[in-house]
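*Asks:* My file is target.csv. It has CSV, C-alpha atoms and all ligand atoms:
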chain,number,residue,atom,x,y,z
Z,1,MET,CA,126.9,109.9,45.6
Z,2,LYS,CA,124.8,112.9,44.9
Z,3,ALA,CA,123.9,115.3,47.7
Z,4,ARG,CA,122.1,118.5,48.0
Z,5,LEU,CA,123.6,121.2,50.2
Z,6,LYS,CA,121.6,123.9,51.8
Z,7,PHE,CA,123.1,126.9,53.7
Z,8,GLY,CA,121.9,130.2,55.0
Z,9,LYS,CA,122.9,133.8,55.0
Z,10,ASP,CA,125.8,133.3,57.5
Z,11,ARG,CA,127.4,130.8,55.2
Z,12,THR,CA,127.0,132.2,51.7
Z,13,SER,CA,130.1,134.5,51.9
Z,14,LYS,CA,132.4,131.7,53.0
Z,15,PRO,CA,134.4,129.4,50.7
Z,16,ILE,CA,132.6,126.3,52.0
Z,17,ILE,CA,133.0,124.0,49.1
Z,18,SER,CA,136.7,124.7,48.5
Z,19,SER,CA,137.4,124.3,52.3
Z,20,VAL,CA,135.8,120.8,52.1
Z,21,ILE,CA,137.7,119.9,49.0
Z,22,LEU,CA,141.0,120.9,50.8
Z,23,LYS,CA,140.0,119.0,53.9
Z,24,THR,CA,138.7,115.7,52.3
Z,25,ARG,CA,140.7,115.7,49.0
Z,26,ALA,CA,137.4,114.7,47.4
Z,27,PRO,CA,136.9,115.7,43.8
Z,28,ILE,CA,133.5,117.4,44.2
Z,29,ASN,CA,131.6,117.9,41.0
Z,30,ILE,CA,129.0,120.7,41.2
Z,31,LEU,CA,126.0,119.7,39.1
Z,32,ARG,CA,123.7,122.7,39.9
Z,33,ALA,CA,124.0,125.8,42.1
Z,34,GLU,CA,121.6,128.5,43.2
Z,35,ILE,CA,123.4,131.0,45.5
Z,36,ASP,CA,122.5,134.5,46.4
Z,37,GLU,CA,123.3,136.8,49.4
Z,38,SER,CA,120.6,135.2,51.6
Z,39,SER,CA,120.9,131.4,50.9
Z,40,GLY,CA,122.5,128.8,48.8
Z,41,GLU,CA,121.5,125.4,47.4
Z,42,VAL,CA,124.0,123.3,45.6
Z,43,LEU,CA,123.8,119.8,44.1
Z,44,ILE,CA,127.1,118.0,44.2
Z,45,GLU,CA,128.4,114.6,43.1
Z,46,VAL,CA,131.2,112.9,45.0
Z,47,PRO,CA,132.9,109.5,44.4
Z,48,ASP,CA,131.3,107.0,46.8
Z,49,GLU,CA,134.6,106.3,48.6
Z,50,LYS,CA,134.7,109.9,49.7
Z,51,ALA,CA,131.0,110.3,50.4
Z,52,LYS,CA,131.0,109.8,54.2
Z,53,LYS,CA,134.0,112.1,54.9
Z,54,THR,CA,132.5,114.8,52.6
Z,55,VAL,CA,129.1,114.7,54.2
Z,56,GLU,CA,130.7,114.9,57.7
Z,57,ALA,CA,132.9,117.9,56.6
Z,58,PHE,CA,129.9,119.8,55.2
Z,59,LYS,CA,127.9,119.2,58.4
Z,60,GLU,CA,130.8,120.3,60.6
Z,61,MET,CA,130.6,123.6,58.7
Z,62,GLY,CA,126.9,124.1,59.4
Z,63,VAL,CA,125.6,123.0,56.0
Z,64,GLU,CA,122.4,121.0,55.8
Z,65,VAL,CA,123.1,117.9,53.7
Z,66,LYS,CA,120.6,115.6,52.0
Z,67,VAL,CA,121.8,112.5,50.2
Z,68,GLY,CA,119.8,111.2,47.2
Z,69,GLY,CA,116.1,110.6,46.9
Z,70,PHE,CA,115.3,114.1,45.5
Z,71,ILE,CA,112.4,113.2,43.2
Z,72,GLU,CA,109.5,110.8,43.6
Z,73,LEU,CA,107.1,109.7,40.9
Z,74,LEU,CA,103.6,109.0,42.3
Z,75,ARG,CA,102.5,106.0,40.3
Z,76,GLU,CA,98.9,106.4,41.2
Z,77,LYS,CA,98.8,109.9,39.7
Z,78,CYS,CA,101.0,109.2,36.6
Z,79,ILE,CA,99.2,108.7,33.3
Z,80,ASP,CA,102.4,107.8,31.4
Z,81,CYS,CA,101.9,110.7,29.0
Z,82,GLY,CA,105.7,111.0,28.6
Z,83,HIS,CA,105.8,114.8,28.8
Z,84,CYS,CA,108.4,114.7,31.6
Z,85,ILE,CA,110.7,112.5,29.4
Z,86,THR,CA,111.0,115.3,26.9
Z,87,VAL,CA,112.0,118.0,29.4
Z,88,CYS,CA,114.5,116.1,31.5
Z,89,PRO,CA,118.0,117.6,30.6
Z,90,VAL,CA,119.9,114.5,31.7
Z,91,GLU,CA,117.7,111.7,30.3
Z,92,ALA,CA,116.9,110.5,33.8
Z,93,ILE,CA,113.3,109.7,32.8
Z,94,SER,CA,112.4,106.9,30.4
Z,95,ALA,CA,109.6,104.6,29.4
Z,96,LYS,CA,109.8,100.9,29.9
Z,97,LYS,CA,108.8,98.4,27.2
Z,98,ASP,CA,105.2,98.6,28.5
Z,99,LEU,CA,105.4,102.4,28.2
Z,100,THR,CA,105.4,102.8,32.0
Z,101,VAL,CA,107.4,105.9,32.8
Z,102,VAL,CA,110.3,105.6,35.4
Z,103,ILE,CA,112.9,107.9,36.9
Z,104,ASP,CA,116.5,106.9,37.4
Z,105,PRO,CA,117.6,108.6,40.7
Z,106,GLN,CA,121.2,108.1,39.9
Z,107,LYS,CA,121.0,110.4,36.9
Z,108,CYS,CA,118.6,113.0,38.3
Z,109,ILE,CA,120.1,116.4,39.1
Z,110,ASN,CA,117.0,117.7,40.8
Z,111,CYS,CA,116.4,120.5,38.4
Z,112,GLY,CA,112.6,120.4,38.9
Z,113,ALA,CA,111.7,120.6,35.2
Z,114,CYS,CA,109.6,117.4,35.4
Z,115,VAL,CA,107.8,118.5,38.5
Z,116,ASP,CA,106.7,121.7,36.7
Z,117,CYS,CA,105.6,120.1,33.5
Z,118,CYS,CA,103.6,117.2,34.8
Z,119,PRO,CA,99.9,117.7,34.0
Z,120,THR,CA,98.7,115.5,36.9
Z,121,ARG,CA,101.3,116.7,39.5
Z,122,ALA,CA,102.6,113.1,39.7
Z,123,ILE,CA,106.2,114.1,40.5
Z,124,GLU,CA,107.2,115.5,43.8
Z,125,THR,CA,110.5,116.9,44.9
Z,126,SER,CA,111.7,116.5,48.5
Z,127,GLN,CA,112.5,119.7,50.4
Z,201,LIG,S1,104.5,114.1,32.9
Z,201,LIG,FE1,103.5,113.3,34.8
Z,201,LIG,S2,101.8,112.0,34.1
Z,201,LIG,FE2,103.2,112.4,32.3
Z,201,LIG,S3,104.6,110.6,32.3
Z,201,LIG,FE3,105.6,112.2,33.5
Z,201,LIG,S4,105.0,111.8,35.6
Z,201,LIG,FE4,103.6,110.7,34.3
Z,202,LIG,S1,114.2,116.8,38.4
Z,202,LIG,FE1,115.2,117.3,36.4
Z,202,LIG,S2,116.9,115.9,36.2
Z,202,LIG,FE2,115.6,115.0,37.8
Z,202,LIG,S3,114.2,113.7,36.7
Z,202,LIG,FE3,113.2,115.6,36.8
Z,202,LIG,S4,113.7,116.7,34.9
Z,202,LIG,FE4,115.2,115.0,35.1
Written as structure tokens, how would this file's structure read?

*Replies:*
Amino acid sequence: MKARLKFGKDRTSKPIISSVILKTRAPINILRAEIDESSGEVLIEVPDEKAKKTVEAFKEMGVEVKVGGFIELLREKCIDCGHCITVCPVEAISAKKDLTVVIDPQKCINCGACVDCCPTRAIETSQ
């Protein structure tokens, strides 16, 4: 399971992730992190069998948790130019045999590169 954690100023100075690891014994993999003194946003990956416990533990610590579904490709806007395929750092975007572009949500790390590069604004990221 991949999940995005969001926390505010009152939480950035606390060892939230290590506390959750100690509590749940879940091997949390940090895929991406943007943390400063005012807020934090971290994308994590956790084995599915530990997902429920981990999400609960973060919520108990006042962390906003969003599971999966970070990126959406708006088919009606996409012109299958393939530009987003070239910028994705984890090869989460590919073209099918008929050259239709698709995104694999299991691989996406929500970096936003495809959102920024798309000439028709066909990719949206959830907040
Ligand atoms: S860059 Fe935009 S228009 Fe081009 S294939 Fe990707 S989503 Fe479609
Ligand atoms: S958000 Fe980043 S990782 Fe996800 S599909 Fe777009 S470029 Fe790839």

*Asks:* Give me the residues within 7 Å of Glu124 of chain Z as a JSON list (two decimals) with C-alpha atoms, in the frame of the given file, counting all atoms listed in the file and dropping any in the same chain fewer than 5 places off.

*Replies:*
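Wrote result.json, looks like this:
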[["chain", "number", "residue", "atom", "x", "y", "z"],
["Z", 71, "ILE", "CA", 112.40, 113.20, 43.20],
["Z", 72, "GLU", "CA", 109.50, 110.80, 43.60],
["Z", 73, "LEU", "CA", 107.10, 109.70, 40.90],
["Z", 115, "VAL", "CA", 107.80, 118.50, 38.50]]

*Asks:* Using all atoms listed in the file, which residues sit within 10 Å of Arg11 of chain Z once same-chain residues fewer than 6 positions away are excluded, as a PyMOL selection string?

*Replies:* chain Z and resi 37-40+61-63

*Asks:* Write as a ChimeraX atom specification the residues around ligand LIG 202 (chain Z), taking 12 Å as the cut-off and counting all atoms listed in the file.

*Replies:* /Z:2,31-32,43,68-73,82-94,101-118,122-126

*Asks:* Can you measure atom CA of Glu45 of chain Z to atom CA of Asp10 of chain Z for me? One decimal in Å is fine.

*Replies:*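 It comes out at 23.7 Å.
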
*Asks:* Is it possible to get the axis-aligned box enclosing segment 79-87 of chain Z (all listed atoms, 5 Å extra per side) as JSON, with centre and edge lengths in Å rounded to one decimal?

*Replies:*
{"center_x": 105.6, "center_y": 112.9, "center_z": 30.1, "size_x": 22.8, "size_y": 20.2, "size_z": 16.4}

*Asks:* Find the residue from Z:Glu34, Z:Asp80, Z:Glu56, Z:Glu49 that sits nearest to ligand LIG 201 (chain Z); use only C-alpha atoms and all ligand atoms when measuring.

*Replies:*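 Looking only at the distances to ligand LIG 201 (chain Z), the closest residue turns out to be Z:Asp80.
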
*Asks:* From the options Z:Leu5, Z:Ala95, Z:Val67, Z:Val55, which residue's atoms come nearest to ligand LIG 201 (chain Z), counting all atoms listed in the file?

*Replies:*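 Of Z:Leu5, Z:Ala95, Z:Val67, Z:Val55, the one nearest ligand LIG 201 (chain Z) is Z:Ala95, counting all atoms listed in the file.
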
*Asks:* Excluding Arg4 of chain Z and any residue of its chain fewer than 5 positions from it, enumerate the residues within 7 Å of it, using all atoms listed in the file, and give them as a ChimeraX atom specification.

*Replies:* /Z:41-44,65-67

*Asks:* Find, counting all atoms listed in the file, the residue in Z:Lys14, Z:Arg25, Z:Lys77, Z:Lys52 that gets nearest to ligand LIG 201 (chain Z).

*Replies:*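 Of all the options, Z:Lys77 lies closest to ligand LIG 201 (chain Z).
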
*Asks:* Do you have the atom CA of Lys96 of chain Z-atom CA of Met1 of chain Z distance handy?

*Replies:*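 Taking atom CA of Lys96 of chain Z as the start and atom CA of Met1 of chain Z as the end point, the length is 24.9 Å.
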
*Asks:* With all atoms listed in the file as the basis for distance, which of Z:Lys53, Z:Lys97, Z:Arg75, Z:Lys23 is at the shortest distance from ligand LIG 201 (chain Z)?

*Replies:*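 Nearest to ligand LIG 201 (chain Z): Z:Arg75.
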
*Asks:* So, counting all atoms listed in the file, which residue among Z:Leu99, Z:Asp36, Z:Glu64, Z:Ala26 is closest to Ala51 of chain Z?

*Replies:*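 Distance minimum relative to Ala51 of chain Z lands on Z:Ala26.
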
*Asks:* How many Å separate atom CA of Ile21 of chain Z from atom CA of Pro47 of chain Z?

*Replies:* 12.3 Å

*Asks:* Restricting the calculation to all atoms listed in the file: of Z:Thr100, Z:Thr54, Z:Lys6, Z:Ile79, which residue gets closest to ligand LIG 201 (chain Z)?

*Replies:*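 Under the stated criterion, the closest residue is Z:Ile79.
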
*Asks:* Extract, using all atoms listed in the file, all DNA, RNA and protein residues at most 9 Å from segment 58-60 of chain Z, discarding same-chain residues fewer than 6 positions from it, and format them as JSON, numbers by chain.

*Replies:* {"Z": [5, 16, 17, 20]}

*Asks:* Complete the atoms of segment 8-26 of chain Z to N, CA and C atoms and put them out as an mmCIF file, keeping the file's coordinate frame.

*Replies:*
data_model
loop_
_atom_site.group_PDB
_atom_site.id
_atom_site.type_symbol
_atom_site.label_atom_id
_atom_site.label_comp_id
_atom_site.auth_asym_id
_atom_site.auth_seq_id
_atom_site.Cartn_x
_atom_site.Cartn_y
_atom_site.Cartn_z
ATOM 1 N N GLY Z 8 122.512 128.883 54.803
ATOM 2 C CA GLY Z 8 121.900 130.200 55.000
ATOM 3 C C GLY Z 8 122.786 131.352 54.836
ATOM 4 N N LYS Z 9 122.254 132.513 55.173
ATOM 5 C CA LYS Z 9 122.900 133.800 55.000
ATOM 6 C C LYS Z 9 124.324 133.845 55.593
ATOM 7 N N ASP Z 10 124.479 133.258 56.792
ATOM 8 C CA ASP Z 10 125.800 133.300 57.500
ATOM 9 C C ASP Z 10 126.850 132.492 56.822
ATOM 10 N N ARG Z 11 126.459 131.671 55.850
ATOM 11 C CA ARG Z 11 127.400 130.800 55.200
ATOM 12 C C ARG Z 11 127.726 131.177 53.741
ATOM 13 N N THR Z 12 126.866 131.987 53.138
ATOM 14 C CA THR Z 12 127.000 132.200 51.700
ATOM 15 C C THR Z 12 128.293 132.976 51.322
ATOM 16 N N SER Z 13 128.864 133.723 52.262
ATOM 17 C CA SER Z 13 130.100 134.500 51.900
ATOM 18 C C SER Z 13 131.347 133.681 52.203
ATOM 19 N N LYS Z 14 131.185 132.461 52.711
ATOM 20 C CA LYS Z 14 132.400 131.700 53.000
ATOM 21 C C LYS Z 14 132.692 130.641 51.953
ATOM 22 N N PRO Z 15 133.986 130.339 51.760
ATOM 23 C CA PRO Z 15 134.400 129.400 50.700
ATOM 24 C C PRO Z 15 134.166 127.936 51.192
ATOM 25 N N ILE Z 16 132.907 127.574 51.408
ATOM 26 C CA ILE Z 16 132.600 126.300 52.000
ATOM 27 C C ILE Z 16 133.081 125.105 51.170
ATOM 28 N N ILE Z 17 132.733 125.129 49.896
ATOM 29 C CA ILE Z 17 133.000 124.000 49.100
ATOM 30 C C ILE Z 17 134.554 123.777 48.909
ATOM 31 N N SER Z 18 135.269 124.870 48.672
ATOM 32 C CA SER Z 18 136.700 124.700 48.500
ATOM 33 C C SER Z 18 137.366 124.273 49.826
ATOM 34 N N SER Z 19 136.832 124.708 50.965
ATOM 35 C CA SER Z 19 137.400 124.300 52.300
ATOM 36 C C SER Z 19 137.191 122.758 52.420
ATOM 37 N N VAL Z 20 136.010 122.270 52.019
ATOM 38 C CA VAL Z 20 135.800 120.800 52.100
ATOM 39 C C VAL Z 20 136.639 120.032 51.184
ATOM 40 N N ILE Z 21 136.853 120.559 49.995
ATOM 41 C CA ILE Z 21 137.700 119.900 49.000
ATOM 42 C C ILE Z 21 139.147 119.768 49.611
ATOM 43 N N LEU Z 22 139.628 120.865 50.197
ATOM 44 C CA LEU Z 22 141.000 120.900 50.800
ATOM 45 C C LEU Z 22 141.074 119.872 51.934
ATOM 46 N N LYS Z 23 140.025 119.818 52.723
ATOM 47 C CA LYS Z 23 140.000 119.000 53.900
ATOM 48 C C LYS Z 23 139.916 117.472 53.550
ATOM 49 N N THR Z 24 139.041 117.155 52.603
ATOM 50 C CA THR Z 24 138.700 115.700 52.300
ATOM 51 C C THR Z 24 139.510 115.207 51.101
ATOM 52 N N ARG Z 25 140.048 116.104 50.290
ATOM 53 C CA ARG Z 25 140.700 115.700 49.000
ATOM 54 C C ARG Z 25 139.686 115.053 48.075
ATOM 55 N N ALA Z 26 138.409 115.330 48.267
ATOM 56 C CA ALA Z 26 137.400 114.700 47.400
ATOM 57 C C ALA Z 26 137.191 115.596 46.166
#
